[in-house]
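*Asks:* Below: one structure in structure tokens.
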Amino acid sequence: MPVARPDVGQGPAWWWLGAHGGAGVSALDEAVPGGRDAGRAWPSAAQTQPVVLVARSSARGLDAAQNAARQWASRMVTGVDLLGLVVVADAPGRLPRALRDRVRLVSGAVPRLWEIPWVEPWRLGEPHLPKACAALARDLTRLTRPA
């Protein structure tokens with residue numbers, strides 16, 4: 001994921017940052033109103049921007065999330081309030097142990113973790129709001145509410 005950031009001016013309540021192509025940002029953007037797709041580059045603006053990192057639960061997706069979390073933790077990226085990581089299931093069923101362990105490892109580098117299970121209607125292009133997305137929406141609304 002590139003460190004270079006476009007200037008976004010006045011932003012939304014939060015930015016979805018896809019750690020890699022196919023992370024699930026478009027589906028989340030439709031299911032959880034209030035955010036905006038930052039593409040695959042950290043947003044940049046005059047004031048700090050809230051960002052939610054998004055990755056699939058595949059090895060490739062979790063590696064990309066880990067790389068992005070390292071960029072943030074090393075302060076290569078400034079002006080970002082990383083709210084957490086959303087891991088979107090890459091297949092139906094339970095994750096293999098190696099991937100569950102990787103999710104746990106990567107989630108230790110970010111403030112919060114949300115896991116979204118496999119959503120078959122999304123695969124078919126149908127709108128659907130799984131319970132996990134409702135909880136995510138509540139959390140993000142609470143986290144981005146002005147003090």
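Identifiers for the structure tokens are assigned positionally: chains receive A, B, ... in sequence, residues are indexed from 1 per chain, and ligands are indexed from 1 in the order shown.
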Where in chain A does DSSP assign strand (DSSP E or B), given as a ChimeraX atom specification?

*Replies:* /A:7,14-18,35-37,44,49-56,80-88,113-116

*Asks:* Skipping near chain neighbours, those fewer than 6 positions away, what residues fall within 8 Å of segment 21-28 of chain A using only C-alpha atoms, listed as JSON, numbers by chain?

*Replies:* {"A": [37, 40, 54, 55, 56, 61, 88, 122, 133]}

*Asks:* When you count only C-alpha atoms, which of these residues is closest to Val51 of chain A: A:Ala91, A:Thr144, A:Pro121, A:Glu126?

*Replies:*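 Among the listed residues, A:Thr144 lies closest to Val51 of chain A.
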
*Asks:* Mind giving me the straight-line distance from atom CA of Leu85 of chain A to atom CA of Glu115 of chain A in Å, one decimal?

*Replies:*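 Distance reported for this atom pair: 8.4 Å.
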
*Asks:* Between A:Ser44, A:Pro33, A:Asp90, A:Leu99, single out the one closest to Asp63 of chain A, counting only C-alpha atoms.

*Replies:*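 Using only C-alpha atoms, the shortest distance to Asp63 of chain A belongs to A:Leu99.
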
*Asks:* Which residue, A:Val87, A:Leu17, A:Ala134, A:Val80, has the smallest gap to Gly35 of chain A when you use only C-alpha atoms?

*Replies:*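 Looking at the shortest contact to Gly35 of chain A, the residue is A:Leu17.
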
*Asks:* Identify, on the basis of only C-alpha atoms, every residue whose closest approach to Ala65 of chain A does not exceed 12 Å; exclude the query and any residue fewer than 5 positions from it along the same chain; express the result as a ChimeraX atom specification.

*Replies:* /A:1,17-21,23,40,52-60,70-72,84-88,102-110,113

*Asks:* List the neighbours of Leu143 of chain A out to 8 Å using only C-alpha atoms; skip same-chain residues closer than 3 positions along the sequence, and give me the result as a list of chain:residue names.

*Replies:*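 Residues near the query, excluding close chain neighbours: A:Leu83, A:Asp139, A:Leu140.
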
*Asks:* Those same residues - N, CA and C atoms - I'd like them written as an mmCIF file, in the first residue's frame.

*Replies:*
data_model
loop_
_atom_site.group_PDB
_atom_site.id
_atom_site.type_symbol
_atom_site.label_atom_id
_atom_site.label_comp_id
_atom_site.auth_asym_id
_atom_site.auth_seq_id
_atom_site.Cartn_x
_atom_site.Cartn_y
_atom_site.Cartn_z
ATOM 1 N N LEU A 83 -8.972 4.231 13.779
ATOM 2 C CA LEU A 83 -10.021 3.743 14.676
ATOM 3 C C LEU A 83 -9.917 2.246 14.899
ATOM 4 N N ASP A 139 -20.525 1.359 16.670
ATOM 5 C CA ASP A 139 -19.205 1.697 17.213
ATOM 6 C C ASP A 139 -18.614 2.910 16.486
ATOM 7 N N LEU A 140 -18.662 2.917 15.158
ATOM 8 C CA LEU A 140 -18.078 4.025 14.409
ATOM 9 C C LEU A 140 -18.819 5.330 14.654
#

*Asks:* Show which residues sit within 8 Å of Asp81 of chain A, as a PyMOL selection string. Count only C-alpha atoms, and ignore same-chain residues fewer than 4 positions away.

*Replies:* chain A and resi 48-51

*Asks:* For Leu129 of chain A, which of A:Ala41, A:Ala13, A:Ile116, A:Val77 is the closest residue, counting only C-alpha atoms?

*Replies:*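 Ranking A:Ala41, A:Ala13, A:Ile116, A:Val77 by distance to Leu129 of chain A, first place goes to A:Ile116.
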
*Asks:* Measuring between only C-alpha atoms, which one of A:Asp101, A:Pro130, A:Thr141, A:Leu124 shows the shortest distance to Pro12 of chain A?

*Replies:*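 Ranking A:Asp101, A:Pro130, A:Thr141, A:Leu124 by distance to Pro12 of chain A, first place goes to A:Thr141.
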